[in-house]
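data-v3.csv follows; it contains CSV, C-alpha atoms and all ligand atoms.
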chain,number,residue,atom,x,y,z
A,755,MET,CA,166.3,-27.9,-146.5
A,756,LEU,CA,164.6,-26.7,-143.4
A,757,VAL,CA,160.8,-26.2,-143.8
A,758,ILE,CA,158.7,-24.5,-141.1
A,759,GLU,CA,155.0,-24.7,-141.8
A,760,ASP,CA,152.2,-23.0,-140.1
A,761,LEU,CA,153.5,-23.1,-136.5
A,762,TYR,CA,151.2,-22.1,-133.7
A,763,LYS,CA,152.2,-21.9,-130.1
A,764,SER,CA,150.6,-20.3,-127.1
A,765,TYR,CA,151.8,-19.9,-123.5
A,766,GLY,CA,148.5,-19.8,-121.6
A,767,THR,CA,146.7,-16.8,-123.1
A,768,VAL,CA,149.9,-15.4,-124.8
A,769,LYS,CA,150.0,-16.3,-128.5
A,770,ALA,CA,153.7,-16.5,-129.2
A,771,LEU,CA,153.4,-18.0,-132.7
A,772,ASP,CA,150.5,-17.4,-135.0
A,773,GLY,CA,150.9,-19.4,-138.2
A,774,MET,CA,154.7,-19.0,-138.8
A,775,SER,CA,156.0,-20.4,-142.0
A,776,PHE,CA,159.3,-20.1,-143.9
A,777,GLN,CA,162.1,-22.2,-145.4
A,778,VAL,CA,165.9,-22.1,-145.2
A,779,HIS,CA,167.9,-23.5,-148.1
A,780,PRO,CA,171.3,-25.3,-148.1
A,781,GLY,CA,174.2,-23.0,-147.7
A,782,GLU,CA,172.1,-20.1,-146.9
A,783,MET,CA,172.7,-17.5,-144.1
A,784,PHE,CA,169.2,-16.6,-142.9
A,785,GLY,CA,168.6,-13.7,-140.6
A,786,PHE,CA,165.7,-13.8,-138.3
A,787,VAL,CA,164.6,-10.4,-137.2
A,788,GLY,CA,161.7,-9.0,-135.2
A,789,SER,CA,160.7,-6.8,-132.2
A,790,ASN,CA,161.2,-8.1,-128.7
A,791,GLY,CA,158.5,-10.7,-128.0
A,792,ALA,CA,157.8,-11.3,-131.8
A,793,GLY,CA,158.3,-15.1,-131.4
A,794,LYS,CA,161.9,-15.7,-132.6
A,795,THR,CA,163.2,-17.7,-129.7
A,796,THR,CA,160.0,-19.7,-129.5
A,797,ALA,CA,160.3,-20.6,-133.2
A,798,MET,CA,164.0,-21.6,-132.8
A,799,ARG,CA,163.2,-23.8,-129.8
A,800,ILE,CA,160.5,-25.5,-131.8
A,801,ILE,CA,162.8,-26.0,-134.8
A,802,LEU,CA,165.3,-27.7,-132.4
A,803,GLY,CA,162.7,-29.8,-130.9
A,804,VAL,CA,163.2,-28.7,-127.3
A,805,LEU,CA,159.8,-27.1,-127.3
A,806,ALA,CA,156.6,-28.6,-128.8
A,807,SER,CA,154.4,-26.5,-131.0
A,808,ASP,CA,150.6,-26.6,-130.6
A,809,SER,CA,150.3,-27.3,-134.3
A,810,GLY,CA,152.2,-27.0,-137.5
A,811,SER,CA,155.4,-28.8,-138.6
A,812,VAL,CA,159.1,-28.6,-138.8
A,813,THR,CA,161.0,-30.8,-141.3
A,814,TRP,CA,164.7,-31.0,-141.9
A,815,ASN,CA,165.6,-32.7,-145.2
A,816,ASP,CA,162.0,-34.1,-145.4
A,817,ARG,CA,162.2,-35.6,-141.9
A,818,LYS,CA,160.5,-34.4,-138.7
A,819,VAL,CA,163.0,-33.3,-136.1
A,820,ASP,CA,163.5,-36.2,-133.7
A,821,PHE,CA,166.4,-37.3,-131.5
A,822,ALA,CA,168.5,-38.4,-134.5
A,823,THR,CA,167.9,-35.3,-136.6
A,824,ARG,CA,168.4,-33.1,-133.6
A,825,LYS,CA,172.0,-34.3,-133.3
A,826,GLU,CA,172.6,-32.8,-136.7
A,827,ILE,CA,171.7,-29.3,-135.5
A,828,GLY,CA,174.2,-27.0,-133.8
A,829,TYR,CA,172.3,-24.8,-131.4
A,830,MET,CA,173.3,-21.7,-129.5
A,831,PRO,CA,170.5,-20.9,-127.0
A,832,GLU,CA,169.7,-17.3,-126.0
A,833,GLU,CA,170.2,-18.1,-122.3
A,834,ARG,CA,173.5,-19.8,-123.2
A,835,GLY,CA,174.2,-23.2,-121.7
A,836,LEU,CA,177.8,-23.6,-120.6
A,837,TYR,CA,179.0,-25.0,-117.3
A,838,PRO,CA,180.7,-22.0,-115.7
A,839,ARG,CA,183.1,-24.0,-113.5
A,840,MET,CA,184.4,-26.3,-116.2
A,841,LYS,CA,187.5,-25.6,-118.2
A,842,VAL,CA,186.9,-24.4,-121.8
A,843,GLY,CA,188.7,-27.3,-123.5
A,844,GLU,CA,187.3,-30.0,-121.3
A,845,GLN,CA,183.8,-28.7,-121.7
A,846,LEU,CA,184.0,-28.6,-125.5
A,847,ILE,CA,185.4,-32.2,-125.5
A,848,TYR,CA,182.7,-33.3,-123.2
A,849,LEU,CA,179.9,-31.7,-125.4
A,850,ALA,CA,181.4,-33.3,-128.5
A,851,GLN,CA,181.5,-36.7,-126.7
A,852,LEU,CA,177.8,-36.2,-125.7
A,853,HIS,CA,177.1,-36.0,-129.4
A,854,GLY,CA,178.7,-39.4,-129.9
A,855,ASP,CA,182.3,-38.4,-131.0
A,856,PRO,CA,185.2,-40.6,-129.7
A,857,VAL,CA,187.6,-38.7,-127.5
A,858,ASP,CA,190.4,-38.2,-130.1
A,859,LYS,CA,188.0,-36.7,-132.6
A,860,ALA,CA,186.3,-34.5,-129.9
A,861,THR,CA,189.8,-33.3,-128.9
A,862,SER,CA,190.9,-32.4,-132.4
A,863,ASP,CA,187.6,-30.6,-133.1
A,864,MET,CA,188.0,-28.7,-129.8
A,865,GLU,CA,191.5,-27.7,-130.8
A,866,TYR,CA,190.4,-26.7,-134.3
A,867,TRP,CA,187.5,-24.5,-133.3
A,868,THR,CA,189.2,-22.8,-130.3
A,869,GLU,CA,192.0,-21.9,-132.7
A,870,LYS,CA,189.6,-20.6,-135.3
A,871,LEU,CA,187.6,-18.6,-132.8
A,872,GLY,CA,190.7,-17.0,-131.2
A,873,ILE,CA,190.2,-18.7,-127.7
A,874,ALA,CA,192.9,-21.4,-127.9
A,875,HIS,CA,194.9,-19.6,-125.2
A,876,ARG,CA,192.0,-19.9,-122.8
A,877,ARG,CA,191.5,-23.7,-123.2
A,878,ASP,CA,192.7,-24.4,-119.6
A,879,ASP,CA,190.7,-21.6,-118.0
A,880,LEU,CA,187.3,-22.0,-116.3
A,881,VAL,CA,184.5,-20.7,-118.5
A,882,GLN,CA,183.4,-18.2,-115.7
A,883,THR,CA,186.7,-16.5,-115.8
A,884,LEU,CA,186.3,-15.5,-119.5
A,885,SER,CA,184.7,-12.2,-120.6
A,886,LEU,CA,181.1,-12.5,-121.8
A,887,GLY,CA,182.3,-12.0,-125.4
A,888,ASN,CA,184.8,-14.9,-125.1
A,889,GLN,CA,182.2,-17.1,-123.4
A,890,GLN,CA,180.1,-16.4,-126.4
A,891,ARG,CA,182.9,-17.7,-128.6
A,892,VAL,CA,183.1,-20.8,-126.5
A,893,GLN,CA,179.3,-21.2,-126.9
A,894,LEU,CA,179.7,-21.0,-130.7
A,895,ALA,CA,182.5,-23.5,-130.5
A,896,ALA,CA,180.1,-25.8,-128.5
A,897,ALA,CA,177.6,-25.6,-131.4
A,898,LEU,CA,180.4,-26.4,-133.9
A,899,VAL,CA,182.3,-29.3,-132.4
A,900,SER,CA,179.6,-31.8,-133.4
A,901,GLU,CA,180.0,-30.9,-137.1
A,902,PRO,CA,176.4,-29.7,-137.4
A,903,LYS,CA,174.5,-30.0,-140.7
A,904,LEU,CA,172.3,-27.1,-139.7
A,905,MET,CA,173.0,-24.2,-137.3
A,906,VAL,CA,170.3,-22.4,-135.3
A,907,LEU,CA,171.7,-19.5,-133.3
A,908,ASP,CA,169.8,-17.2,-131.0
A,909,GLU,CA,171.3,-13.8,-130.9
A,910,PRO,CA,174.9,-15.0,-131.4
A,911,PHE,CA,176.3,-11.5,-132.0
A,912,SER,CA,174.7,-9.6,-129.1
A,913,GLY,CA,177.3,-7.8,-127.0
A,914,LEU,CA,180.3,-8.7,-129.2
A,915,ASP,CA,183.0,-6.2,-130.1
A,916,PRO,CA,183.5,-5.6,-133.9
A,917,VAL,CA,186.6,-7.9,-134.0
A,918,ALA,CA,184.6,-10.7,-132.4
A,919,VAL,CA,181.7,-10.1,-134.8
A,920,ASP,CA,184.2,-10.5,-137.7
A,921,VAL,CA,185.7,-13.7,-136.3
A,922,MET,CA,182.3,-15.2,-135.7
A,923,SER,CA,180.8,-14.1,-139.0
A,924,GLU,CA,183.8,-15.6,-140.9
A,925,VAL,CA,183.4,-18.9,-139.2
A,926,LEU,CA,179.6,-19.0,-140.0
A,927,ARG,CA,180.4,-18.0,-143.6
A,928,GLU,CA,182.8,-20.9,-143.8
A,929,LYS,CA,180.0,-23.2,-142.7
A,930,THR,CA,177.6,-21.9,-145.3
A,931,ARG,CA,180.2,-22.3,-148.0
A,932,GLU,CA,180.3,-26.0,-147.0
A,933,GLY,CA,176.5,-26.0,-147.6
A,934,VAL,CA,175.4,-25.8,-144.0
A,935,PRO,CA,172.3,-23.5,-143.6
A,936,VAL,CA,172.8,-21.0,-140.7
A,937,ILE,CA,169.8,-19.3,-139.2
A,938,PHE,CA,170.4,-16.7,-136.6
A,939,SER,CA,168.3,-14.1,-134.8
A,940,SER,CA,169.6,-10.6,-134.2
A,941,HIS,CA,168.6,-7.1,-133.4
A,942,GLN,CA,171.7,-5.8,-135.1
A,943,LEU,CA,170.1,-5.0,-138.5
A,944,ASP,CA,173.2,-3.6,-140.1
A,945,LEU,CA,174.9,-6.8,-139.4
A,946,VAL,CA,172.0,-8.9,-140.7
A,947,GLU,CA,172.0,-6.8,-143.9
A,948,ARG,CA,175.7,-7.3,-144.4
A,949,LEU,CA,175.8,-11.0,-143.7
A,950,CYS,CA,172.6,-12.6,-144.7
A,951,ASP,CA,171.6,-14.1,-148.0
A,952,ARG,CA,167.9,-13.9,-147.0
A,953,VAL,CA,166.1,-12.2,-144.2
A,954,GLY,CA,162.8,-13.0,-142.5
A,955,ILE,CA,160.9,-10.3,-140.6
A,956,VAL,CA,158.7,-11.6,-137.8
A,957,SER,CA,155.9,-9.7,-136.3
A,958,GLN,CA,153.4,-11.0,-133.7
A,959,GLY,CA,154.3,-14.6,-134.2
A,960,ALA,CA,154.2,-14.7,-138.0
A,961,MET,CA,156.6,-14.1,-140.8
A,962,VAL,CA,155.5,-10.9,-142.4
A,963,SER,CA,158.3,-10.4,-145.0
A,964,VAL,CA,160.9,-12.8,-146.3
A,965,GLY,CA,163.5,-12.6,-149.1
A,966,THR,CA,166.8,-11.2,-150.1
A,967,ILE,CA,167.5,-7.6,-149.0
A,968,ASP,CA,166.9,-6.6,-152.7
A,969,GLU,CA,163.6,-8.4,-152.8
A,970,LEU,CA,162.5,-6.8,-149.5
A,971,ARG,CA,163.5,-3.4,-151.0
A,972,HIS,CA,161.5,-3.9,-154.1
A,973,THR,CA,158.6,-1.5,-154.4
A,974,ASP,CA,156.2,-0.4,-157.1
A,975,THR,CA,156.9,3.2,-156.3
A,976,PRO,CA,160.7,3.6,-156.5
A,977,GLU,CA,162.3,6.7,-155.1
A,978,TYR,CA,165.3,8.6,-156.4
A,979,ILE,CA,167.8,10.8,-154.7
A,980,LEU,CA,168.4,14.0,-156.6
A,981,VAL,CA,171.2,16.4,-155.6
A,982,THR,CA,171.4,19.8,-157.3
A,983,HIS,CA,172.6,23.3,-156.6
A,984,ALA,CA,171.0,24.7,-153.5
A,985,ASP,CA,169.3,27.4,-155.6
A,986,SER,CA,167.9,25.0,-158.1
A,987,ARG,CA,164.3,25.9,-158.7
A,988,THR,CA,163.4,22.8,-160.8
A,989,SER,CA,159.8,22.1,-160.4
A,990,PHE,CA,158.3,18.7,-161.0
A,991,ASP,CA,154.8,19.8,-160.4
A,992,HIS,CA,153.9,19.7,-164.1
A,993,LEU,CA,155.0,16.0,-164.2
A,994,GLY,CA,153.0,15.1,-161.1
A,995,VAL,CA,156.2,13.9,-159.5
A,996,LYS,CA,156.1,13.9,-155.7
A,997,VAL,CA,158.9,15.3,-153.5
A,998,PRO,CA,158.3,13.8,-150.1
A,999,GLU,CA,161.6,15.1,-148.7
A,1000,GLN,CA,164.1,17.9,-149.4
A,1001,ARG,CA,166.8,19.6,-147.5
A,1002,ILE,CA,169.7,22.0,-148.1
A,1003,GLU,CA,173.1,20.4,-147.4
A,1004,GLY,CA,175.8,22.9,-146.4
A,1005,ASP,CA,175.2,26.1,-148.4
A,1006,ARG,CA,175.6,24.7,-151.9
A,1007,MET,CA,173.6,21.5,-152.3
A,1008,LYS,CA,169.9,20.7,-152.3
A,1009,ARG,CA,169.1,17.0,-151.7
A,1010,ARG,CA,165.7,15.8,-152.7
A,1011,ILE,CA,163.9,12.5,-152.6
A,1012,VAL,CA,161.6,12.2,-155.6
A,1013,THR,CA,159.0,9.6,-156.5
A,1014,PRO,CA,158.2,9.5,-160.2
A,1015,GLU,CA,154.8,7.9,-159.9
A,1016,GLY,CA,154.3,6.7,-163.4
A,1017,PHE,CA,157.4,8.4,-164.9
A,1018,ASP,CA,160.7,6.8,-165.4
A,1019,GLY,CA,163.7,8.2,-163.5
A,1020,GLN,CA,165.2,9.5,-166.7
A,1021,SER,CA,162.5,12.0,-167.3
A,1022,ILE,CA,163.1,13.4,-163.9
A,1023,LEU,CA,166.8,13.6,-164.6
A,1024,ARG,CA,166.3,15.4,-167.9
A,1025,THR,CA,164.0,17.9,-166.2
A,1026,ALA,CA,166.6,18.6,-163.5
A,1027,LEU,CA,169.5,18.8,-166.0
A,1028,ALA,CA,167.6,21.3,-168.1
A,1029,ASP,CA,167.7,23.6,-165.1
A,1030,GLY,CA,171.3,23.2,-164.1
A,1031,PRO,CA,174.0,20.8,-162.8
A,1032,VAL,CA,173.0,17.5,-161.2
A,1033,TYR,CA,175.5,16.2,-158.7
A,1034,GLU,CA,173.9,13.0,-157.8
A,1035,PHE,CA,171.0,11.0,-159.2
A,1036,SER,CA,170.4,7.4,-158.0
A,1037,PRO,CA,167.7,5.0,-156.9
A,1038,ARG,CA,167.2,5.3,-153.1
A,1039,ARG,CA,167.9,1.9,-151.5
A,1040,PRO,CA,166.4,1.8,-148.0
A,1041,HIS,CA,168.4,0.0,-145.3
A,1042,LEU,CA,166.9,-3.1,-143.5
A,1043,GLU,CA,166.3,-1.0,-140.5
A,1044,GLU,CA,163.9,1.2,-142.5
A,1045,LEU,CA,162.2,-1.8,-144.1
A,1046,PHE,CA,161.8,-3.4,-140.7
A,1047,ARG,CA,160.3,-0.2,-139.2
A,1048,ASP,CA,157.8,0.0,-142.1
A,1049,VAL,CA,156.7,-3.6,-141.8
A,1050,VAL,CA,156.5,-3.6,-138.0
A,1051,SER,CA,154.7,-0.3,-137.8
A,1052,THR,CA,152.1,-1.4,-140.2
A,1053,ALA,CA,151.3,-4.4,-138.1
A,1054,PRO,CA,147.7,-4.1,-136.6
A,1055,ASP,CA,149.0,-3.5,-133.1
A,1056,ALA,CA,152.5,-2.8,-131.8
A,1057,GLU,CA,154.4,-5.8,-130.5
A,1058,LYS,CA,153.6,-6.5,-126.9
A,1059,ASP,CA,154.3,-9.1,-124.3
A,1060,ASN,CA,150.8,-10.2,-123.6
A,1061,ARG,CA,148.8,-10.7,-126.7
A,1101,LIG,N1,158.0,-19.6,-121.1
A,1101,LIG,C1,157.1,-18.7,-121.4
A,1101,LIG,N2,156.0,-18.5,-120.7
A,1101,LIG,C2,155.1,-17.5,-121.0
A,1101,LIG,N3,155.2,-16.7,-122.1
A,1101,LIG,C3,156.3,-16.8,-122.8
A,1101,LIG,C4,157.4,-17.8,-122.5
A,1101,LIG,N4,158.3,-17.7,-123.4
A,1101,LIG,C5,158.0,-16.7,-124.2
A,1101,LIG,N5,156.8,-16.2,-123.9
A,1101,LIG,C6,156.1,-15.1,-124.5
A,1101,LIG,O1,156.0,-15.4,-125.9
A,1101,LIG,C7,156.1,-14.3,-126.8
A,1101,LIG,C8,157.3,-14.6,-127.7
A,1101,LIG,O2,158.5,-14.6,-127.0
A,1101,LIG,P1,159.9,-15.0,-127.7
A,1101,LIG,O3,160.9,-15.1,-126.6
A,1101,LIG,O4,159.7,-16.1,-128.6
A,1101,LIG,O5,160.2,-13.6,-128.5
A,1101,LIG,P2,161.5,-13.1,-129.2
A,1101,LIG,O6,161.1,-12.7,-130.6
A,1101,LIG,O7,162.6,-14.1,-129.1
A,1101,LIG,O8,161.9,-11.8,-128.3
A,1101,LIG,P3,163.3,-11.2,-128.0
A,1101,LIG,O9,163.8,-10.5,-129.2
A,1101,LIG,O10,162.9,-10.2,-126.9
A,1101,LIG,O11,164.3,-12.2,-127.5
A,1101,LIG,C9,156.3,-13.1,-125.8
A,1101,LIG,O12,155.1,-12.5,-125.6
A,1101,LIG,C10,156.9,-13.8,-124.5
A,1101,LIG,O13,156.5,-13.0,-123.4
Could you render the structure as structure tokens?
Ligand SMILES: Nc1ncnc2c1ncn2[C@@H]1O[C@H](COP(=O)(O)OP(=O)(O)OP(=O)(O)O)[C@@H](O)[C@H]1O
Amino acid sequence: MLVIEDLYKSYGTVKALDGMSFQVHPGEMFGFVGSNGAGKTTAMRIILGVLASDSGSVTWNDRKVDFATRKEIGYMPEERGLYPRMKVGEQLIYLAQLHGDPVDKATSDMEYWTEKLGIAHRRDDLVQTLSLGNQQRVQLAAALVSEPKLMVLDEPFSGLDPVAVDVMSEVLREKTREGVPVIFSSHQLDLVERLCDRVGIVSQGAMVSVGTIDELRHTDTPEYILVTHADSRTSFDHLGVKVPEQRIEGDRMKRRIVTPEGFDGQSILRTALADGPVYEFSPRRPHLEELFRDVVSTAPDAEKDNR
């Protein structure tokens, strides 16, 4: 298990991390989201041990990250780190050897991952001749050839086409199925929502919300979607039920969002049915993007580069 506890980090007067804590469990796909400048890259570099925190701790399986533990981590840096004038295959073999693999194992791992990631036909090409998306696949292969026990990936999906996203997500899923925790940052919230077991929302250097998407969605004031005839006059006033939003869809439907505030959903449904047909009645499940906006917009100050 990866445990991040109370990390602080400043660059001069800029406070990049302000007491960040969270944990990532075995086999978990953990999405790390936050506005630009929220502190994600800084936290990932500290997890990997390439940047020192001012205070706080990172432990991986109860050990502080040092040279030996760092070798267990597959890292994909945001700025990428490939040698542009080296051939794809040679480069991956070289990186695996740097990790301590003998050349035959490094070669078979290179062959396996380039095949998996759909870049086997580019093994003999210079990295710089590949498209950015394919270079990203090579970068992921570089993080995989050393058989990592933990993967830390900074925006691995940015700029990828949907097919490449599918290929990479399937590879990462395969790793989590083997029990490897994968933590990745992304601004593609629909993708994070689709892929991740748990999500952490970072704002101003701290983790402000963490959990499964369902946990993040949980609220004490649930909302329901109610769709009736456009001319439905059902009033909920006598129940004290709020209707924060309503609109006519086409010329036949009225879609309302209702919040029961103390009533259960069924009493709203009964009231609506007493007045006419109900075409849809369901709990409203906000998307991660909405949850993210709510959390970030309630932060004391908008995210900015110089705090
Ligand atoms: N080397 C540095 N020197 C000075 N300030 C830095 C340095 N690296 C990061 N910062 C600042 O630290 C804060 C956190 O930056 P960081 O890159 O960790 O954010 P991020 O969440 O990864 O952002 P993004 O989503 O834009 O990649 C920002 O205010 C940034 O300007």
When you look at range 824-832 of chain A with a cut-off of 12 Å (counting only C-alpha atoms), what residues show up, excluding the ones that are within fewer than 6 positions of it in the same chain? I need them as a short mmCIF file (atom, residue, chain, number, x, y, z; two decimals) with C-alpha atoms, in the coordinates of the input.
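File produced: selection.cif:
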data_model
loop_
_atom_site.label_atom_id
_atom_site.label_comp_id
_atom_site.auth_asym_id
_atom_site.auth_seq_id
_atom_site.Cartn_x
_atom_site.Cartn_y
_atom_site.Cartn_z
CA LEU A 756 164.60 -26.70 -143.40
CA LYS A 794 161.90 -15.70 -132.60
CA THR A 795 163.20 -17.70 -129.70
CA THR A 796 160.00 -19.70 -129.50
CA ALA A 797 160.30 -20.60 -133.20
CA MET A 798 164.00 -21.60 -132.80
CA ARG A 799 163.20 -23.80 -129.80
CA ILE A 800 160.50 -25.50 -131.80
CA ILE A 801 162.80 -26.00 -134.80
CA LEU A 802 165.30 -27.70 -132.40
CA GLY A 803 162.70 -29.80 -130.90
CA VAL A 804 163.20 -28.70 -127.30
CA VAL A 812 159.10 -28.60 -138.80
CA THR A 813 161.00 -30.80 -141.30
CA TRP A 814 164.70 -31.00 -141.90
CA ASN A 815 165.60 -32.70 -145.20
CA ARG A 817 162.20 -35.60 -141.90
CA LYS A 818 160.50 -34.40 -138.70
CA LEU A 849 179.90 -31.70 -125.40
CA ALA A 850 181.40 -33.30 -128.50
CA GLN A 851 181.50 -36.70 -126.70
CA LEU A 852 177.80 -36.20 -125.70
CA HIS A 853 177.10 -36.00 -129.40
CA GLY A 854 178.70 -39.40 -129.90
CA ASP A 855 182.30 -38.40 -131.00
CA GLN A 889 182.20 -17.10 -123.40
CA GLN A 890 180.10 -16.40 -126.40
CA ARG A 891 182.90 -17.70 -128.60
CA VAL A 892 183.10 -20.80 -126.50
CA GLN A 893 179.30 -21.20 -126.90
CA LEU A 894 179.70 -21.00 -130.70
CA ALA A 895 182.50 -23.50 -130.50
CA ALA A 896 180.10 -25.80 -128.50
CA ALA A 897 177.60 -25.60 -131.40
CA LEU A 898 180.40 -26.40 -133.90
CA VAL A 899 182.30 -29.30 -132.40
CA SER A 900 179.60 -31.80 -133.40
CA GLU A 901 180.00 -30.90 -137.10
CA PRO A 902 176.40 -29.70 -137.40
CA LYS A 903 174.50 -30.00 -140.70
CA LEU A 904 172.30 -27.10 -139.70
CA MET A 905 173.00 -24.20 -137.30
CA VAL A 906 170.30 -22.40 -135.30
CA LEU A 907 171.70 -19.50 -133.30
CA ASP A 908 169.80 -17.20 -131.00
CA GLU A 909 171.30 -13.80 -130.90
CA PRO A 910 174.90 -15.00 -131.40
CA PHE A 911 176.30 -11.50 -132.00
CA SER A 912 174.70 -9.60 -129.10
CA LEU A 926 179.60 -19.00 -140.00
CA LYS A 929 180.00 -23.20 -142.70
CA VAL A 934 175.40 -25.80 -144.00
CA PRO A 935 172.30 -23.50 -143.60
CA VAL A 936 172.80 -21.00 -140.70
CA ILE A 937 169.80 -19.30 -139.20
CA PHE A 938 170.40 -16.70 -136.60
CA SER A 939 168.30 -14.10 -134.80
CA SER A 940 169.60 -10.60 -134.20
#
Q: Throw together the list of residues within 10 Å of ligand LIG 1101 (chain A), counting all atoms listed in the file, and drop it here as an MDAnalysis selection string.
A: chainID A and resid 763:771 786:800 805 832:833 908:909 939:941 956:959 1057:1061
Q: May I have the residues within 10 Å of range 979-986 of chain A as number ranges by chain, using only C-alpha atoms and disregarding those fewer than 4 positions away in the same chain?
A: A: 999-1013, 1022-1023, 1026-1027, 1029-1039
(Q) Taking 3 positions as the minimum chain separation for residues in the same chain, which residues sit within 8 Å of range 868-878 of chain A when counting all atoms listed in the file? Answer as a VMD selection string. (A) chain A and resid 841 to 844 864 to 865 884 888 891 to 892 895 921 to 922 925
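We find CA of Gly1019 in chain A and CA of Val995 in chain A to be spaced 10.2 Å apart.
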Closest-contact table, range 998-1044 of chain A side, partner range 970-974 of chain A, 9 Å, counting all atoms listed in the file, as JSON lines:
{"residue": "A:Glu1015", "atom": "CA", "partner": "A:Asp974", "partner_atom": "CA", "distance": 8.9}
{"residue": "A:Arg1039", "atom": "CA", "partner": "A:Arg971", "partner_atom": "CA", "distance": 6.9}
{"residue": "A:Pro1040", "atom": "CA", "partner": "A:Arg971", "partner_atom": "CA", "distance": 6.7}
{"residue": "A:His1041", "atom": "CA", "partner": "A:Arg971", "partner_atom": "CA", "distance": 8.2}
{"residue": "A:Leu1042", "atom": "CA", "partner": "A:Arg971", "partner_atom": "CA", "distance": 8.2}
**Q.** Pairwise distance for CA of Ser1051 in chain A and CA of Phe784 in chain A, rounded to one decimal in Å
**A.** 22.4 Å
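Take CA of Glu928 in chain A and CA of Met783 in chain A: the distance between them is 10.7 Å.
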Q | Shortest interatomic distance to Arg948 in chain A - which of A:Ala960, A:Gly785, A:Ser807, A:Arg1024, counting all atoms listed in the file | A | A:Gly785
(Q) Given only C-alpha atoms as the basis, pick out the residue of A:Val1050, A:Met840, A:Val819, A:Val997 nearest to Pro1014 in chain A. (A)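 Answer, going by the shortest atom-to-atom distance: A:Val997.
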Q) Which of these residues is nearest to Ile955 in chain A, using all atoms listed in the file: A:Arg839, A:Arg1047, A:Arg834, A:Arg927? A) A:Arg1047
Q. Which one is closest to Val953 in chain A: A:Tyr848, A:Phe1046, A:Phe821, A:Tyr978? Count only C-alpha atoms.
A.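 Of the candidates, the smallest distance to Val953 in chain A is held by A:Phe1046.
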Please reconstruct the missing atoms of range 776-791 of chain A (target: N, CA and C atoms) and return them as a PDB file, in the coordinates of the input.
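In the end it all went to out-v6.pdb:
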ATOM      1  N   PHE A 776     158.233 -20.555-142.998  1.00  0.00           N
ATOM      2  CA  PHE A 776     159.300 -20.100-143.900  1.00  0.00           C
ATOM      3  C   PHE A 776     160.244 -21.306-144.147  1.00  0.00           C
ATOM      4  N   GLN A 777     161.174 -21.083-145.065  1.00  0.00           N
ATOM      5  CA  GLN A 777     162.100 -22.200-145.400  1.00  0.00           C
ATOM      6  C   GLN A 777     163.530 -21.621-145.431  1.00  0.00           C
ATOM      7  N   VAL A 778     164.478 -22.491-145.107  1.00  0.00           N
ATOM      8  CA  VAL A 778     165.900 -22.100-145.200  1.00  0.00           C
ATOM      9  C   VAL A 778     166.595 -23.137-146.075  1.00  0.00           C
ATOM     10  N   HIS A 779     167.320 -22.629-147.072  1.00  0.00           N
ATOM     11  CA  HIS A 779     167.900 -23.500-148.100  1.00  0.00           C
ATOM     12  C   HIS A 779     169.358 -23.868-147.755  1.00  0.00           C
ATOM     13  N   PRO A 780     169.865 -24.931-148.401  1.00  0.00           N
ATOM     14  CA  PRO A 780     171.300 -25.300-148.100  1.00  0.00           C
ATOM     15  C   PRO A 780     172.231 -24.189-148.397  1.00  0.00           C
ATOM     16  N   GLY A 781     173.188 -24.047-147.507  1.00  0.00           N
ATOM     17  CA  GLY A 781     174.200 -23.000-147.700  1.00  0.00           C
ATOM     18  C   GLY A 781     173.794 -21.607-147.531  1.00  0.00           C
ATOM     19  N   GLU A 782     172.632 -21.428-146.948  1.00  0.00           N
ATOM     20  CA  GLU A 782     172.100 -20.100-146.900  1.00  0.00           C
ATOM     21  C   GLU A 782     172.297 -19.505-145.452  1.00  0.00           C
ATOM     22  N   MET A 783     172.650 -18.232-145.403  1.00  0.00           N
ATOM     23  CA  MET A 783     172.700 -17.500-144.100  1.00  0.00           C
ATOM     24  C   MET A 783     171.371 -16.770-144.011  1.00  0.00           C
ATOM     25  N   PHE A 784     170.578 -17.175-143.041  1.00  0.00           N
ATOM     26  CA  PHE A 784     169.200 -16.600-142.900  1.00  0.00           C
ATOM     27  C   PHE A 784     169.100 -15.812-141.659  1.00  0.00           C
ATOM     28  N   GLY A 785     168.763 -14.548-141.801  1.00  0.00           N
ATOM     29  CA  GLY A 785     168.600 -13.700-140.600  1.00  0.00           C
ATOM     30  C   GLY A 785     167.175 -13.603-140.189  1.00  0.00           C
ATOM     31  N   PHE A 786     167.009 -13.750-138.886  1.00  0.00           N
ATOM     32  CA  PHE A 786     165.700 -13.800-138.300  1.00  0.00           C
ATOM     33  C   PHE A 786     165.514 -12.589-137.453  1.00  0.00           C
ATOM     34  N   VAL A 787     164.718 -11.628-137.904  1.00  0.00           N
ATOM     35  CA  VAL A 787     164.600 -10.400-137.200  1.00  0.00           C
ATOM     36  C   VAL A 787     163.182 -10.094-136.757  1.00  0.00           C
ATOM     37  N   GLY A 788     163.025  -9.316-135.697  1.00  0.00           N
ATOM     38  CA  GLY A 788     161.700  -9.000-135.200  1.00  0.00           C
ATOM     39  C   GLY A 788     161.802  -8.277-133.879  1.00  0.00           C
ATOM     40  N   SER A 789     160.731  -7.589-133.497  1.00  0.00           N
ATOM     41  CA  SER A 789     160.700  -6.800-132.200  1.00  0.00           C
ATOM     42  C   SER A 789     160.880  -7.801-131.049  1.00  0.00           C
ATOM     43  N   ASN A 790     161.152  -7.260-129.884  1.00  0.00           N
ATOM     44  CA  ASN A 790     161.200  -8.100-128.700  1.00  0.00           C
ATOM     45  C   ASN A 790     159.778  -8.720-128.522  1.00  0.00           C
ATOM     46  N   GLY A 791     159.780 -10.013-128.250  1.00  0.00           N
ATOM     47  CA  GLY A 791     158.500 -10.700-128.000  1.00  0.00           C
ATOM     48  C   GLY A 791     157.810 -11.134-129.313  1.00  0.00           C
TER      49      GLY A 791
END
